[in-house]
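Peer 1: My questions will all concern the structure given below.
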Amino acid sequence: MIVEVKKLHKIYNNGTHALKGVSFSVQPGEFLVIIGLSGSGKSTLLRCINRLIEPTSGTVKFLGKDITHIKGEQLRRAKSQIGMVFQQFNLIRRRSVLTNVISGKLGAISTFDSILERFDKEIIDEAYRNLETVGITEKARIRADSLSGGQQQRVAIARSLMQNPKLLLADEPVASLDPATSNSVMHYFEKINKDLGTTVICNLHFLSLVRKYASRVIALKAGEIIYEGLPGEINETWFRTIYGEEAEEVEIR
């Protein structure tokens, strides 16, 4: 298993019990999609896996090692193998696309060299390869804030690839994009999963995208897993169980 989560709980300081005994595992090469209403615990789960937040109890194993409460150098080594793409692109708007991508090379570049944009040829070449993976090489030298939303998200994906991650997490990566752009961005996650063999865990809302890209689905409701299986098995009954009786499915084509 590349990821094993067992009996994971997360209780925030305000008393919110965001995760309630969540357990599942992920095989290398899977494209796992997590679905559920806002507030169901999807983002909290991803943040516990990559240790952006500390679980209250339970365990998270990555590549067979318990990373639940590790710190310091151990934590840095684990996180260097886990890429993360957020809903917000978190780019340095006034810097070039190339510089933004290179910024994903965790700890490999000094702050001084980064400010001066003084990079080794090997790192520049690697950044161009990752931009090619997401189909945006021609934008390398322009400012990040001149790109469309979909293009900025592709830059964020390329940045995450600078870590050569074994695991790529994506938290609602198309939530702020239009339908056509959403499909385009998801295509690149699929390409990374299939062509590079990178395991992907992605939070999504739209079932049409889930059915198209996921190899397996987990549904959360109020911090608990209520469905685990194939995307094609989520029928209307399951949809209403996950999203509520009055919910209506929105198709993205």
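Residues in the structure tokens are numbered from 1 in each chain, the chains being A, B, ... in the order shown, and ligands are numbered from 1 in the order shown.
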If we count only C-alpha atoms, what is near stretch 85-88 of chain A at a cut-off of 6 Å, once residues fewer than 5 positions away on the same chain are taken out, given as an MDAnalysis selection string?
Peer 2: chainID A and resid 170:173
Peer 1: With a distance cut-off of 6 Å and only C-alpha atoms, select the neighbouring residues of stretch 12-26 of chain A, excluding the residue or stretch itself and same-chain residues fewer than 2 positions from it, and output the selection as an NGL selection string.
Peer 2: :A and (1-10 or 41 or 223-224)
Peer 1: Would you mind exporting the chosen residues as a PDB file, in the first residue's frame, restricted to N, CA and C atoms?
Peer 2:
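Saved file again_7.pdb follows:
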```pdb
ATOM      1  N   MET A   1       0.835  -1.201   0.000  1.00  0.00           N
ATOM      2  CA  MET A   1       0.000   0.000   0.000  1.00  0.00           C
ATOM      3  C   MET A   1       0.875   1.258   0.000  1.00  0.00           C
ATOM      4  N   ILE A   2       0.455   2.260  -0.747  1.00  0.00           N
ATOM      5  CA  ILE A   2       1.190   3.524  -0.682  1.00  0.00           C
ATOM      6  C   ILE A   2       0.663   4.378   0.469  1.00  0.00           C
ATOM      7  N   VAL A   3      -0.637   4.261   0.772  1.00  0.00           N
ATOM      8  CA  VAL A   3      -1.240   4.983   1.898  1.00  0.00           C
ATOM      9  C   VAL A   3      -2.142   4.019   2.674  1.00  0.00           C
ATOM     10  N   GLU A   4      -2.027   4.048   3.984  1.00  0.00           N
ATOM     11  CA  GLU A   4      -2.934   3.316   4.861  1.00  0.00           C
ATOM     12  C   GLU A   4      -3.403   4.261   5.967  1.00  0.00           C
ATOM     13  N   VAL A   5      -4.691   4.460   6.035  1.00  0.00           N
ATOM     14  CA  VAL A   5      -5.298   5.303   7.059  1.00  0.00           C
ATOM     15  C   VAL A   5      -6.141   4.405   7.956  1.00  0.00           C
ATOM     16  N   LYS A   6      -5.913   4.471   9.260  1.00  0.00           N
ATOM     17  CA  LYS A   6      -6.643   3.609  10.186  1.00  0.00           C
ATOM     18  C   LYS A   6      -7.231   4.413  11.341  1.00  0.00           C
ATOM     19  N   LYS A   7      -8.555   4.294  11.495  1.00  0.00           N
ATOM     20  CA  LYS A   7      -9.297   4.866  12.625  1.00  0.00           C
ATOM     21  C   LYS A   7      -8.906   6.322  12.877  1.00  0.00           C
ATOM     22  N   LEU A   8      -8.867   7.112  11.812  1.00  0.00           N
ATOM     23  CA  LEU A   8      -8.406   8.491  11.898  1.00  0.00           C
ATOM     24  C   LEU A   8      -9.505   9.409  12.428  1.00  0.00           C
ATOM     25  N   HIS A   9      -9.164  10.153  13.455  1.00  0.00           N
ATOM     26  CA  HIS A   9     -10.054  11.172  14.017  1.00  0.00           C
ATOM     27  C   HIS A   9      -9.345  12.520  13.959  1.00  0.00           C
ATOM     28  N   LYS A  10     -10.131  13.554  13.695  1.00  0.00           N
ATOM     29  CA  LYS A  10      -9.640  14.922  13.813  1.00  0.00           C
ATOM     30  C   LYS A  10     -10.716  15.771  14.480  1.00  0.00           C
ATOM     31  N   GLY A  41     -15.489  16.563   5.519  1.00  0.00           N
ATOM     32  CA  GLY A  41     -14.195  16.122   6.018  1.00  0.00           C
ATOM     33  C   GLY A  41     -13.162  15.857   4.935  1.00  0.00           C
ATOM     34  N   GLY A 223     -17.899  13.312   8.293  1.00  0.00           N
ATOM     35  CA  GLY A 223     -16.636  12.779   8.808  1.00  0.00           C
ATOM     36  C   GLY A 223     -16.498  11.278   8.791  1.00  0.00           C
ATOM     37  N   GLU A 224     -17.470  10.565   8.197  1.00  0.00           N
ATOM     38  CA  GLU A 224     -17.421   9.108   8.150  1.00  0.00           C
ATOM     39  C   GLU A 224     -17.528   8.619   6.705  1.00  0.00           C
TER      40      GLU A 224
END
```
Peer 1: Could you name the residues that touch stretch 66-78 of chain A at 9 Å or less, counting only C-alpha atoms, but leaving out those on the same chain fewer than 2 positions away, as JSON, numbers by chain?
Peer 2: {"A": [4, 48, 49, 50, 51, 54, 55, 57, 58, 59, 60, 61, 62, 63, 64, 80, 81, 82]}
Peer 1: Quick one: residues within 12 Å of A:Ala175, only C-alpha atoms counted, chain neighbours fewer than 2 positions away excluded, as a PyMOL selection string?
Peer 2: chain A and resi 38+86-89+149-150+153+170-173+177-179+181-183+185-186+202-206+209+252
Peer 1: Can you tell me, as a ChimeraX atom specification, which residues in stretch 140-213 of chain A count as alpha helix (DSSP H) by DSSP?
Peer 2: /A:149-161,179-195,207-213
Peer 1: Tell me, in Å to one decimal, how far atom CA of A:Lys194 is from atom CA of A:Glu30.
Peer 2: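 It comes out at 9.1 Å.
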Peer 1: So which residues of stretch 31-187 of chain A fall under strand (DSSP E) by DSSP, listed as a list in words?
Peer 2: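 DSSP on the backbone gives strand (DSSP E) at Phe31, Leu32, Val33, Ile34, Ile35, Ser57, Gly58, Thr59, Val60, Lys61, Phe62, Lys65, Asp66, Ile82, Gly83, Met84, Val85, Leu167, Leu168, Leu169, Ala170 and Asp171 of chain A.
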Peer 1: If we count only C-alpha atoms and set the cut-off at 9 Å, which residues sit around stretch 120-124 of chain A, ignoring sequence neighbours fewer than 3 positions away in its own chain? Please answer as a list of chain:residue names.
Peer 2: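 In the requested form, the answer reads A:Leu98, A:Thr99, A:Ile102, A:Lys105, A:Ala127, A:Tyr128, A:Arg129, A:Met162.
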Peer 1: Write out as a PyMOL selection string each polymer residue whose atoms come within 12 Å of A:His187, counting only C-alpha atoms; drop sequence neighbours fewer than 5 positions from it.
Peer 2: chain A and resi 133-135+150+154+157+173-174+180-182+192-195+209-210+212-214
Peer 1: Generate the output file for the selected residues, all heavy atoms, as a CSV table (one decimal), in the first residue's frame.
Peer 2:
```
chain,number,residue,atom,x,y,z
A,133,THR,N,4.6,18.4,-19.6
A,133,THR,CA,3.6,17.4,-19.1
A,133,THR,C,2.2,18.0,-19.0
A,133,THR,O,1.2,17.3,-19.4
A,133,THR,CB,4.0,16.9,-17.7
A,133,THR,OG1,5.3,16.2,-17.9
A,133,THR,CG2,3.0,15.9,-17.2
A,134,VAL,N,2.1,19.3,-18.6
A,134,VAL,CA,0.8,19.9,-18.5
A,134,VAL,C,0.5,20.8,-19.7
A,134,VAL,O,-0.5,21.6,-19.6
A,134,VAL,CB,0.6,20.7,-17.2
A,134,VAL,CG1,0.7,19.7,-16.0
A,134,VAL,CG2,1.7,21.8,-17.0
A,135,GLY,N,1.3,20.7,-20.7
A,135,GLY,CA,1.0,21.4,-22.0
A,135,GLY,C,1.0,22.9,-22.0
A,135,GLY,O,0.2,23.6,-22.6
A,150,GLY,N,-7.4,28.3,-15.5
A,150,GLY,CA,-7.0,26.9,-15.9
A,150,GLY,C,-5.5,26.8,-16.1
A,150,GLY,O,-4.9,25.8,-15.7
A,154,ARG,N,-2.7,24.6,-14.0
A,154,ARG,CA,-1.7,23.7,-14.7
A,154,ARG,C,-0.3,24.0,-14.2
A,154,ARG,O,0.6,23.1,-14.0
A,154,ARG,CB,-1.8,23.8,-16.2
A,154,ARG,CG,-3.1,23.1,-16.7
A,154,ARG,CD,-3.6,23.6,-18.0
A,154,ARG,NE,-2.7,23.4,-19.1
A,154,ARG,CZ,-3.0,23.9,-20.3
A,154,ARG,NH1,-4.1,24.7,-20.5
A,154,ARG,NH2,-2.1,23.7,-21.3
A,157,ILE,N,0.2,22.5,-10.9
A,157,ILE,CA,0.4,21.0,-11.0
A,157,ILE,C,1.9,20.8,-11.4
A,157,ILE,O,2.5,19.9,-10.8
A,157,ILE,CB,-0.5,20.4,-12.1
A,157,ILE,CG1,-2.0,20.5,-11.6
A,157,ILE,CG2,-0.2,18.9,-12.3
A,157,ILE,CD1,-3.0,20.2,-12.7
A,173,PRO,N,-9.4,20.7,-7.1
A,173,PRO,CA,-8.5,21.5,-8.0
A,173,PRO,C,-9.3,22.2,-9.1
A,173,PRO,O,-8.7,23.1,-9.7
A,173,PRO,CB,-7.6,20.4,-8.6
A,173,PRO,CG,-8.4,19.2,-8.5
A,173,PRO,CD,-9.2,19.3,-7.2
A,174,VAL,N,-10.5,21.9,-9.4
A,174,VAL,CA,-11.3,22.5,-10.4
A,174,VAL,C,-12.5,23.3,-9.9
A,174,VAL,O,-13.4,23.7,-10.7
A,174,VAL,CB,-11.7,21.5,-11.5
A,174,VAL,CG1,-10.5,20.8,-12.1
A,174,VAL,CG2,-12.6,20.4,-10.9
A,180,ALA,N,-15.5,23.5,-19.1
A,180,ALA,CA,-14.6,23.1,-20.2
A,180,ALA,C,-13.2,23.0,-19.6
A,180,ALA,O,-12.4,22.1,-19.9
A,180,ALA,CB,-14.7,24.0,-21.4
A,181,THR,N,-12.8,24.1,-18.8
A,181,THR,CA,-11.5,24.1,-18.3
A,181,THR,C,-11.3,23.0,-17.2
A,181,THR,O,-10.2,22.4,-17.1
A,181,THR,CB,-11.2,25.5,-17.6
A,181,THR,OG1,-11.5,26.5,-18.6
A,181,THR,CG2,-9.8,25.6,-17.1
A,182,SER,N,-12.4,22.7,-16.5
A,182,SER,CA,-12.3,21.6,-15.5
A,182,SER,C,-11.9,20.3,-16.1
A,182,SER,O,-11.0,19.6,-15.6
A,182,SER,CB,-13.6,21.5,-14.8
A,182,SER,OG,-14.0,22.6,-14.1
A,192,ILE,N,-0.8,12.4,-15.6
A,192,ILE,CA,0.2,12.1,-14.6
A,192,ILE,C,0.1,10.8,-13.9
A,192,ILE,O,1.0,10.0,-13.7
A,192,ILE,CB,0.2,13.3,-13.5
A,192,ILE,CG1,0.7,14.6,-14.2
A,192,ILE,CG2,1.0,12.9,-12.3
A,192,ILE,CD1,0.3,15.8,-13.4
A,193,ASN,N,-1.2,10.4,-13.7
A,193,ASN,CA,-1.5,9.1,-13.1
A,193,ASN,C,-1.1,8.0,-14.0
A,193,ASN,O,-0.4,7.0,-13.6
A,193,ASN,CB,-3.0,9.1,-12.7
A,193,ASN,CG,-3.4,7.7,-12.2
A,193,ASN,OD1,-4.2,7.0,-12.9
A,193,ASN,ND2,-2.9,7.3,-11.1
A,194,LYS,N,-1.5,8.0,-15.3
A,194,LYS,CA,-1.3,6.9,-16.2
A,194,LYS,C,0.1,6.9,-16.8
A,194,LYS,O,0.8,5.8,-16.9
A,194,LYS,CB,-2.3,7.0,-17.3
A,194,LYS,CG,-3.7,6.7,-16.8
A,194,LYS,CD,-4.7,6.6,-17.9
A,194,LYS,CE,-6.1,6.2,-17.3
A,194,LYS,NZ,-7.2,6.2,-18.4
A,195,ASP,N,0.6,8.1,-17.2
A,195,ASP,CA,1.9,8.1,-17.9
A,195,ASP,C,3.1,8.1,-16.9
A,195,ASP,O,4.1,7.4,-17.2
A,195,ASP,CB,2.0,9.3,-18.8
A,195,ASP,CG,1.0,9.3,-19.9
A,195,ASP,OD1,0.3,8.3,-20.1
A,195,ASP,OD2,0.9,10.3,-20.7
A,209,LEU,N,-17.3,14.1,-13.5
A,209,LEU,CA,-15.8,14.1,-13.5
A,209,LEU,C,-15.3,12.8,-12.8
A,209,LEU,O,-14.3,12.2,-13.2
A,209,LEU,CB,-15.2,15.3,-12.9
A,209,LEU,CG,-15.5,16.7,-13.6
A,209,LEU,CD1,-14.9,17.8,-12.8
A,209,LEU,CD2,-14.8,16.6,-15.0
A,210,VAL,N,-16.0,12.5,-11.7
A,210,VAL,CA,-15.6,11.3,-10.9
A,210,VAL,C,-15.7,10.1,-11.8
A,210,VAL,O,-14.8,9.3,-11.8
A,210,VAL,CB,-16.5,11.2,-9.7
A,210,VAL,CG1,-16.2,9.9,-8.9
A,210,VAL,CG2,-16.3,12.4,-8.7
A,212,LYS,N,-15.6,9.8,-14.9
A,212,LYS,CA,-14.6,9.8,-16.1
A,212,LYS,C,-13.2,9.5,-15.7
A,212,LYS,O,-12.5,8.9,-16.4
A,212,LYS,CB,-14.7,11.2,-16.8
A,212,LYS,CG,-13.9,11.3,-18.0
A,212,LYS,CD,-14.2,12.6,-18.7
A,212,LYS,CE,-13.4,12.7,-20.1
A,212,LYS,NZ,-13.7,14.0,-20.8
A,213,TYR,N,-12.8,10.0,-14.5
A,213,TYR,CA,-11.4,9.9,-14.1
A,213,TYR,C,-11.0,9.0,-13.0
A,213,TYR,O,-9.9,8.5,-12.9
A,213,TYR,CB,-10.9,11.4,-13.8
A,213,TYR,CG,-10.9,12.3,-15.0
A,213,TYR,CD1,-11.9,13.3,-15.0
A,213,TYR,CD2,-10.0,12.2,-16.0
A,213,TYR,CE1,-12.0,14.1,-16.1
A,213,TYR,CE2,-10.1,13.1,-17.1
A,213,TYR,CZ,-11.1,14.0,-17.2
A,213,TYR,OH,-11.2,14.9,-18.2
A,214,ALA,N,-11.9,8.7,-12.1
A,214,ALA,CA,-11.6,7.9,-10.9
A,214,ALA,C,-11.5,6.4,-11.2
A,214,ALA,O,-12.3,5.9,-12.0
A,214,ALA,CB,-12.6,8.2,-9.8
```
Peer 1: Pick out the residues sitting within 9 Å of stretch 215-221 of chain A, and hand them over as a list in words; count only C-alpha atoms, and ignore anything fewer than 5 positions along from it in its own chain.
Peer 2: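 With the cut-off at 9 Å, the set is Phe24, Glu30, Phe31, Leu32, Val33, Ile34, Ile35, Gly36, Leu37, Gly39, Ser40, Gly41, Lys42, Val210, Ile226, Tyr227, Glu228, Gly229, Leu230, Pro231, Ile242 and Tyr243 of chain A.
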Peer 1: As an exercise, work out the distance from atom CA of A:Thr199 to atom CA of A:Leu169 in Å and give it to one decimal place.
Peer 2: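 We find that atom CA of A:Thr199 and atom CA of A:Leu169 lie 8.6 Å from each other.
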Peer 1: Considering only C-alpha atoms, state which residue in the set A:Leu45, A:Val97, A:Leu196, A:Met84 is at the smallest distance from A:Arg141.
Peer 2: A:Val97
